[in-house]
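Containing compact mmCIF, C-alpha atoms and all ligand atoms: final_14.txt.
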```txt
# COMPACT_ATOMS: atom_id res chain seq x y z
CA MET A 73 -25.88 182.74 -50.61
CA GLY A 74 -27.38 180.14 -52.90
CA LEU A 75 -27.90 176.55 -51.99
CA ILE A 76 -25.13 174.02 -52.44
CA ILE A 77 -25.65 170.54 -53.86
CA ALA A 78 -22.64 168.31 -53.31
CA PRO A 79 -22.70 164.79 -54.77
CA SER A 80 -20.77 162.34 -52.61
CA ILE A 81 -18.33 160.28 -54.63
CA LEU A 82 -18.54 157.55 -51.99
CA SER A 83 -21.32 156.12 -54.14
CA ALA A 84 -19.41 156.62 -57.41
CA ASN A 85 -17.27 153.98 -59.06
CA PHE A 86 -13.78 154.30 -57.55
CA GLY A 87 -12.31 152.59 -60.60
CA ARG A 88 -13.36 155.50 -62.77
CA LEU A 89 -13.49 158.31 -60.28
CA VAL A 90 -12.55 161.21 -62.54
CA GLU A 91 -15.09 160.12 -65.15
CA ASP A 92 -17.81 159.87 -62.49
CA CYS A 93 -16.88 163.35 -61.18
CA GLU A 94 -17.23 164.73 -64.69
CA ARG A 95 -20.73 163.29 -64.99
CA VAL A 96 -21.98 165.85 -62.46
CA ALA A 97 -19.50 168.68 -63.12
CA SER A 98 -21.95 170.92 -64.98
CA VAL A 99 -24.60 170.82 -62.23
CA ALA A 100 -22.81 170.19 -58.92
CA ASP A 101 -21.56 173.05 -56.76
CA TRP A 102 -19.04 170.95 -54.88
CA LEU A 103 -17.81 167.35 -55.00
CA HIS A 104 -18.04 165.76 -51.58
CA VAL A 105 -15.09 163.46 -50.85
CA ASP A 106 -15.36 161.14 -47.85
CA VAL A 107 -12.05 160.26 -46.21
CA MET A 108 -12.34 157.36 -43.72
CA ASP A 109 -9.50 155.82 -41.75
CA ASN A 110 -11.05 152.63 -40.34
CA HIS A 111 -10.50 154.03 -36.82
CA PHE A 112 -12.89 156.93 -36.41
CA VAL A 113 -15.40 154.98 -38.50
CA PRO A 114 -15.44 151.26 -39.37
CA ASN A 115 -14.69 151.82 -43.04
CA LEU A 116 -11.73 152.78 -45.19
CA THR A 117 -11.73 154.92 -48.32
CA ILE A 118 -9.02 157.15 -49.73
CA GLY A 119 -6.39 159.42 -48.23
CA LEU A 120 -4.42 162.52 -49.10
CA PRO A 121 -2.39 161.18 -52.08
CA VAL A 122 -5.54 160.13 -53.94
CA VAL A 123 -7.41 163.31 -53.00
CA ALA A 124 -4.45 165.41 -54.19
CA ASP A 125 -4.44 163.62 -57.55
CA LEU A 126 -8.21 164.05 -57.83
CA LEU A 127 -7.88 167.76 -57.10
CA ALA A 128 -5.52 168.05 -60.04
CA GLN A 129 -8.04 166.38 -62.35
CA VAL A 130 -11.34 168.07 -61.54
CA SER A 131 -12.41 171.69 -61.82
CA THR A 132 -15.36 171.47 -59.39
CA GLU A 133 -14.64 172.62 -55.83
CA VAL A 134 -13.81 169.71 -53.55
CA ASP A 135 -15.46 169.44 -50.14
CA CYS A 136 -13.44 166.99 -48.01
CA HIS A 137 -15.26 165.28 -45.16
CA LEU A 138 -12.66 163.76 -42.89
CA MET A 139 -13.97 160.88 -40.80
CA ILE A 140 -10.60 160.27 -39.21
CA ASP A 141 -8.82 160.26 -35.87
CA ASP A 142 -6.32 163.02 -35.17
CA PRO A 143 -7.63 165.63 -37.64
CA ASP A 144 -5.38 168.19 -35.87
CA ARG A 145 -2.50 166.40 -37.53
CA TRP A 146 -3.95 165.39 -40.89
CA ALA A 147 -6.61 167.91 -41.91
CA PRO A 148 -4.34 170.87 -42.81
CA GLY A 149 -2.73 168.74 -45.54
CA TYR A 150 -6.05 168.58 -47.40
CA ALA A 151 -6.39 172.36 -47.27
CA GLU A 152 -2.81 172.76 -48.45
CA ALA A 153 -3.49 170.38 -51.34
CA GLY A 154 -6.28 172.65 -52.55
CA ALA A 155 -9.54 171.38 -51.07
CA ALA A 156 -12.06 174.23 -51.03
CA SER A 157 -13.51 173.06 -47.73
CA VAL A 158 -12.19 170.72 -45.10
CA THR A 159 -14.59 169.25 -42.54
CA PHE A 160 -13.32 167.52 -39.40
CA HIS A 161 -15.35 165.84 -36.66
CA ILE A 162 -15.55 167.62 -33.32
CA GLU A 163 -15.58 164.20 -31.61
CA ALA A 164 -12.04 163.55 -32.89
CA ALA A 165 -10.41 166.98 -32.59
CA ARG A 166 -8.09 168.02 -29.76
CA ASP A 167 -7.84 171.75 -30.44
CA ALA A 168 -10.63 172.63 -32.84
CA ARG A 169 -10.05 176.37 -32.72
CA THR A 170 -6.40 176.12 -33.73
CA LEU A 171 -7.30 173.59 -36.41
CA CYS A 172 -9.93 175.91 -37.94
CA ARG A 173 -7.40 178.72 -38.07
CA ALA A 174 -4.85 176.43 -39.75
CA LEU A 175 -7.40 175.37 -42.39
CA ARG A 176 -8.34 178.96 -43.14
CA SER A 177 -4.70 180.03 -43.29
CA HIS A 178 -4.30 177.60 -46.19
CA GLY A 179 -7.22 179.24 -47.99
CA ALA A 180 -9.84 176.56 -47.30
CA ARG A 181 -13.24 176.91 -45.71
CA ALA A 182 -13.10 175.42 -42.23
CA ALA A 183 -15.98 173.15 -41.27
CA VAL A 184 -16.88 171.05 -38.27
CA ALA A 185 -19.11 167.97 -38.24
CA ILE A 186 -21.26 166.46 -35.51
CA LYS A 187 -22.43 162.83 -35.39
CA PRO A 188 -26.11 162.07 -34.67
CA GLY A 189 -25.44 161.65 -30.94
CA THR A 190 -23.44 164.87 -30.56
CA PRO A 191 -25.35 167.97 -29.44
CA VAL A 192 -25.04 171.43 -30.97
CA SER A 193 -23.53 172.62 -27.68
CA ALA A 194 -20.33 170.74 -28.65
CA VAL A 195 -19.69 173.27 -31.44
CA ARG A 196 -21.48 176.36 -30.19
CA GLY A 197 -18.23 177.98 -29.02
CA LEU A 198 -16.70 177.41 -32.43
CA LEU A 199 -19.29 179.07 -34.63
CA ARG A 200 -17.20 182.19 -35.20
CA GLU A 201 -14.25 180.07 -36.33
CA VAL A 202 -16.02 177.99 -38.98
CA ASP A 203 -17.56 178.56 -42.39
CA MET A 204 -19.84 175.55 -42.16
CA VAL A 205 -21.28 173.06 -39.69
CA LEU A 206 -22.07 169.57 -40.97
CA VAL A 207 -24.95 167.86 -39.19
CA MET A 208 -24.71 164.15 -39.92
CA THR A 209 -28.11 162.64 -40.65
CA VAL A 210 -26.77 159.06 -40.45
CA GLU A 211 -24.00 157.48 -38.39
CA PRO A 212 -20.88 158.28 -40.42
CA GLY A 213 -19.17 155.44 -42.25
CA PHE A 214 -21.36 154.19 -45.06
CA GLY A 215 -23.52 155.41 -47.91
CA GLY A 216 -27.06 154.23 -48.51
CA GLN A 217 -28.29 154.36 -44.90
CA ALA A 218 -31.72 155.51 -43.75
CA PHE A 219 -32.13 159.23 -43.04
CA MET A 220 -32.39 160.15 -39.34
CA GLY A 221 -35.05 162.86 -39.25
CA GLU A 222 -34.50 163.57 -35.56
CA CYS A 223 -31.15 165.22 -36.45
CA LEU A 224 -33.04 168.06 -38.13
CA GLU A 225 -33.77 169.53 -34.71
CA LYS A 226 -30.05 170.35 -34.55
CA VAL A 227 -30.19 171.96 -37.98
CA ARG A 228 -33.02 174.15 -36.73
CA GLU A 229 -31.09 175.03 -33.58
CA LEU A 230 -27.97 175.96 -35.55
CA ARG A 231 -29.92 178.07 -38.03
CA THR A 232 -31.52 179.89 -35.11
CA HIS A 233 -28.08 180.62 -33.60
CA ALA A 234 -26.71 181.73 -36.94
CA ARG A 235 -29.58 184.14 -37.49
CA SER A 236 -29.60 185.61 -34.01
CA GLY A 237 -25.80 185.92 -33.94
CA GLY A 238 -25.53 187.34 -37.46
CA LEU A 239 -23.20 184.46 -38.36
CA ASP A 240 -22.39 183.80 -41.98
CA ILE A 241 -22.18 180.01 -41.82
CA ARG A 242 -23.50 177.26 -43.98
CA ILE A 243 -25.35 174.34 -42.46
CA GLN A 244 -24.75 171.10 -44.32
CA VAL A 245 -26.57 167.79 -44.05
CA ASP A 246 -25.07 164.45 -45.04
CA GLY A 247 -26.61 160.99 -44.98
CA GLY A 248 -29.82 159.71 -46.49
CA VAL A 249 -30.43 162.97 -48.35
CA SER A 250 -32.67 162.23 -51.33
CA ALA A 251 -35.68 163.56 -53.23
CA ALA A 252 -37.79 162.15 -50.39
CA THR A 253 -35.92 163.98 -47.59
CA ILE A 254 -34.19 167.07 -48.98
CA GLU A 255 -37.19 169.37 -48.56
CA ARG A 256 -37.36 168.60 -44.84
CA CYS A 257 -33.64 169.43 -44.57
CA ALA A 258 -34.06 172.76 -46.36
CA ASP A 259 -37.13 173.59 -44.33
CA ALA A 260 -35.18 173.01 -41.09
CA GLY A 261 -32.41 175.38 -42.15
CA ALA A 262 -29.85 173.47 -44.21
CA ASP A 263 -28.33 175.24 -47.19
CA ALA A 264 -25.74 172.66 -48.27
CA PHE A 265 -26.78 169.14 -49.15
CA VAL A 266 -24.64 166.04 -49.64
CA ALA A 267 -26.15 163.16 -51.58
CA GLY A 268 -24.38 159.94 -52.52
CA SER A 269 -26.68 157.09 -53.44
CA ALA A 270 -29.47 159.49 -54.47
CA VAL A 271 -27.11 160.80 -57.17
CA TYR A 272 -24.77 157.97 -58.19
CA GLY A 273 -27.33 155.26 -57.56
CA THR A 274 -29.40 156.58 -60.47
CA ALA A 275 -28.98 156.14 -64.23
CA ASP A 276 -28.56 159.90 -64.72
CA PRO A 277 -26.56 161.49 -61.87
CA ALA A 278 -26.69 164.99 -63.36
CA ALA A 279 -30.49 164.86 -63.63
CA ALA A 280 -30.65 163.68 -60.03
CA VAL A 281 -28.59 166.68 -58.88
CA THR A 282 -30.88 169.04 -60.78
CA GLN A 283 -33.97 167.46 -59.26
CA LEU A 284 -32.51 167.75 -55.75
CA ARG A 285 -31.72 171.41 -56.38
CA VAL A 286 -35.25 172.21 -57.54
CA LEU A 287 -36.74 170.54 -54.47
CA ALA A 288 -34.30 172.21 -52.05
CA GLU A 289 -34.76 175.66 -53.56
CA GLY A 290 -38.53 175.35 -53.42
CA ALA A 291 -38.50 174.30 -49.78
CA ALA A 292 -35.87 176.89 -48.74
CA GLY A 293 -37.84 179.66 -50.41
CA ARG A 294 -40.88 178.77 -48.29
CA ALA A 295 -38.92 178.14 -45.10
CA TRP A 296 -39.09 180.12 -41.82
CA TRP A 297 -35.42 181.07 -42.08
CA SER A 298 -35.50 182.27 -45.67
CA ASP A 299 -34.84 185.93 -46.46
CA ARG A 300 -37.47 185.54 -49.12
CA CYS A 301 -40.21 184.92 -46.53
C1 LIG A 401 -21.34 158.71 -44.90
C2 LIG A 401 -20.76 159.80 -45.74
C3 LIG A 401 -21.70 160.34 -46.75
C4 LIG A 401 -22.25 159.32 -47.72
C5 LIG A 401 -23.69 159.66 -47.85
O1 LIG A 401 -20.67 158.60 -43.72
O2 LIG A 401 -20.30 160.88 -44.99
O3 LIG A 401 -21.15 161.44 -47.44
O4 LIG A 401 -21.66 159.34 -48.99
O5 LIG A 401 -24.28 158.69 -48.63
P1 LIG A 401 -25.87 158.67 -48.87
O6 LIG A 401 -26.22 159.97 -49.52
O7 LIG A 401 -26.04 157.49 -49.77
O8 LIG A 401 -26.50 158.49 -47.54
ZN ZN A 402 -19.72 162.72 -46.07
```
Would you encode the structure as structure tokens?
Amino acid sequence: MGLIIAPSILSANFGRLVEDCERVASVADWLHVDVMDNHFVPNLTIGLPVVADLLAQVSTEVDCHLMIDDPDRWAPGYAEAGAASVTFHIEAARDARTLCRALRSHGARAAVAIKPGTPVSAVRGLLREVDMVLVMTVEPGFGGQAFMGECLEKVRELRTHARSGGLDIRIQVDGGVSAATIERCADAGADAFVAGSAVYGTADPAAAVTQLRVLAEGAAGRAWWSDRC
């Protein structure tokens, strides 16, 4: 499996969202869409109607990161609308196993996220039900925050589990991922990288994605967990 670079549209211009998505379409693997409900996190973005319209306008796979309460109720709708992956937070889910199965039954990748304070043990029993684990490297809610390097220990732990258990899961990092930090993420075991301000905060978002990919691929190729080692 190759590495995934997913620009987060949280740092794009919401007044010209489709245009900003197109600016990275030729180089991005997925578009990362942050859904926030002002309950699970203290910020509010967009919900299902806007995501559904966006899905109809863009050809890049959409990776929905749901920072919302009651994902058991709301997350399947994003899968049904055509999101390629749907990530819910374990801290908010009631029945994560059933939710994963519902997401997959709609043809989406099922993914579970953990906040910086949540240990890997909270999702260990779920690793056979998910396609991806998202390790947050900032407190969820806002773009442009400082990277929390201590969260990489959890990336390392998850990659170790995945390897020893023969699990085919991606490990995604989100928050403060930039040219200065992406190599550390790849070295720890991440193979999917979300970047908001490091992409849309630059004059040339497509060039920024390409630079992140080069750095991540270099570091992953040298990493302890790489098949190429
Ligand atoms: C934050 C979101 C991130 C955000 C990352 O809670 O989940 O996806 O866009 O932004 P940066 O890359 O600027 O930290
Ligand atoms: Zn996100």
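Going from atom O8 of ligand LIG 401 (chain A) over to atom CA of A:Ala295, you cover 23.4 Å.
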Would you mind listing what lies within 9 Å of A:Cys257 as a ChimeraX atom specification, with all atoms listed in the file counted and same-chain residues fewer than 5 positions away left out? /A:221,224,227,245,249,262-263,265,288,291-292
Output C-alpha atoms for every residue in that selection, as an mmCIF file, keeping the file's coordinate frame.
```
data_model
loop_
_atom_site.group_PDB
_atom_site.id
_atom_site.type_symbol
_atom_site.label_atom_id
_atom_site.label_comp_id
_atom_site.auth_asym_id
_atom_site.auth_seq_id
_atom_site.Cartn_x
_atom_site.Cartn_y
_atom_site.Cartn_z
ATOM 1 C CA GLY A 221 -35.050 162.860 -39.250
ATOM 2 C CA LEU A 224 -33.040 168.060 -38.130
ATOM 3 C CA VAL A 227 -30.190 171.960 -37.980
ATOM 4 C CA VAL A 245 -26.570 167.790 -44.050
ATOM 5 C CA VAL A 249 -30.430 162.970 -48.350
ATOM 6 C CA ALA A 262 -29.850 173.470 -44.210
ATOM 7 C CA ASP A 263 -28.330 175.240 -47.190
ATOM 8 C CA PHE A 265 -26.780 169.140 -49.150
ATOM 9 C CA ALA A 288 -34.300 172.210 -52.050
ATOM 10 C CA ALA A 291 -38.500 174.300 -49.780
ATOM 11 C CA ALA A 292 -35.870 176.890 -48.740
#
```
At a cut-off of 12 Å around ligand ZN 402 (chain A), and using only C-alpha atoms and all ligand atoms, what residues come up? Please write them as a short mmCIF file (atom, residue, chain, number, x, y, z; two decimals) with C-alpha atoms, in the coordinates of the input.
```
data_model
loop_
_atom_site.label_atom_id
_atom_site.label_comp_id
_atom_site.auth_asym_id
_atom_site.auth_seq_id
_atom_site.Cartn_x
_atom_site.Cartn_y
_atom_site.Cartn_z
CA ALA A 78 -22.64 168.31 -53.31
CA PRO A 79 -22.70 164.79 -54.77
CA SER A 80 -20.77 162.34 -52.61
CA ILE A 81 -18.33 160.28 -54.63
CA LEU A 82 -18.54 157.55 -51.99
CA SER A 83 -21.32 156.12 -54.14
CA LEU A 103 -17.81 167.35 -55.00
CA HIS A 104 -18.04 165.76 -51.58
CA VAL A 105 -15.09 163.46 -50.85
CA ASP A 106 -15.36 161.14 -47.85
CA VAL A 107 -12.05 160.26 -46.21
CA MET A 108 -12.34 157.36 -43.72
CA VAL A 113 -15.40 154.98 -38.50
CA THR A 117 -11.73 154.92 -48.32
CA VAL A 134 -13.81 169.71 -53.55
CA ASP A 135 -15.46 169.44 -50.14
CA CYS A 136 -13.44 166.99 -48.01
CA HIS A 137 -15.26 165.28 -45.16
CA LEU A 138 -12.66 163.76 -42.89
CA MET A 139 -13.97 160.88 -40.80
CA ILE A 140 -10.60 160.27 -39.21
CA VAL A 158 -12.19 170.72 -45.10
CA THR A 159 -14.59 169.25 -42.54
CA PHE A 160 -13.32 167.52 -39.40
CA HIS A 161 -15.35 165.84 -36.66
CA VAL A 184 -16.88 171.05 -38.27
CA ALA A 185 -19.11 167.97 -38.24
CA ILE A 186 -21.26 166.46 -35.51
CA LYS A 187 -22.43 162.83 -35.39
CA LEU A 206 -22.07 169.57 -40.97
CA VAL A 207 -24.95 167.86 -39.19
CA MET A 208 -24.71 164.15 -39.92
CA THR A 209 -28.11 162.64 -40.65
CA VAL A 210 -26.77 159.06 -40.45
CA GLU A 211 -24.00 157.48 -38.39
CA PRO A 212 -20.88 158.28 -40.42
CA GLY A 213 -19.17 155.44 -42.25
CA PHE A 214 -21.36 154.19 -45.06
CA GLY A 215 -23.52 155.41 -47.91
CA GLY A 216 -27.06 154.23 -48.51
CA GLN A 244 -24.75 171.10 -44.32
CA VAL A 245 -26.57 167.79 -44.05
CA ASP A 246 -25.07 164.45 -45.04
CA GLY A 247 -26.61 160.99 -44.98
CA GLY A 248 -29.82 159.71 -46.49
CA VAL A 249 -30.43 162.97 -48.35
CA ALA A 264 -25.74 172.66 -48.27
CA PHE A 265 -26.78 169.14 -49.15
CA VAL A 266 -24.64 166.04 -49.64
CA ALA A 267 -26.15 163.16 -51.58
CA GLY A 268 -24.38 159.94 -52.52
CA SER A 269 -26.68 157.09 -53.44
#
```
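Atom CA of A:Gly237 sits 17.5 Å away from atom CA of A:Ala260.
Coordinates place atom CA of A:Arg181 at a distance of 7.6 Å from atom CA of A:Met204.
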Using only C-alpha atoms and all ligand atoms, which of A:Gly154, A:Gly238, A:Gly290, A:Pro114 sits nearest ligand LIG 401 (chain A)? A:Pro114
Ranking A:Ala100, A:Leu126, A:Ala275, A:Leu120 by minimum distance to A:Glu152 and counting all atoms listed in the file, which one comes first? A:Leu120
Enclose the full set of atoms of stretch 74-80 of chain A listed in the file within a box whose edges lie along x, y and z, apply 3 Å of padding to each of the six sides, and report centre and edge lengths in Å to one decimal as lines of an AutoDock Vina configuration file.
```
center_x = -24.3
center_y = 171.2
center_z = -53.4
size_x = 13.1
size_y = 23.8
size_z = 8.8
```
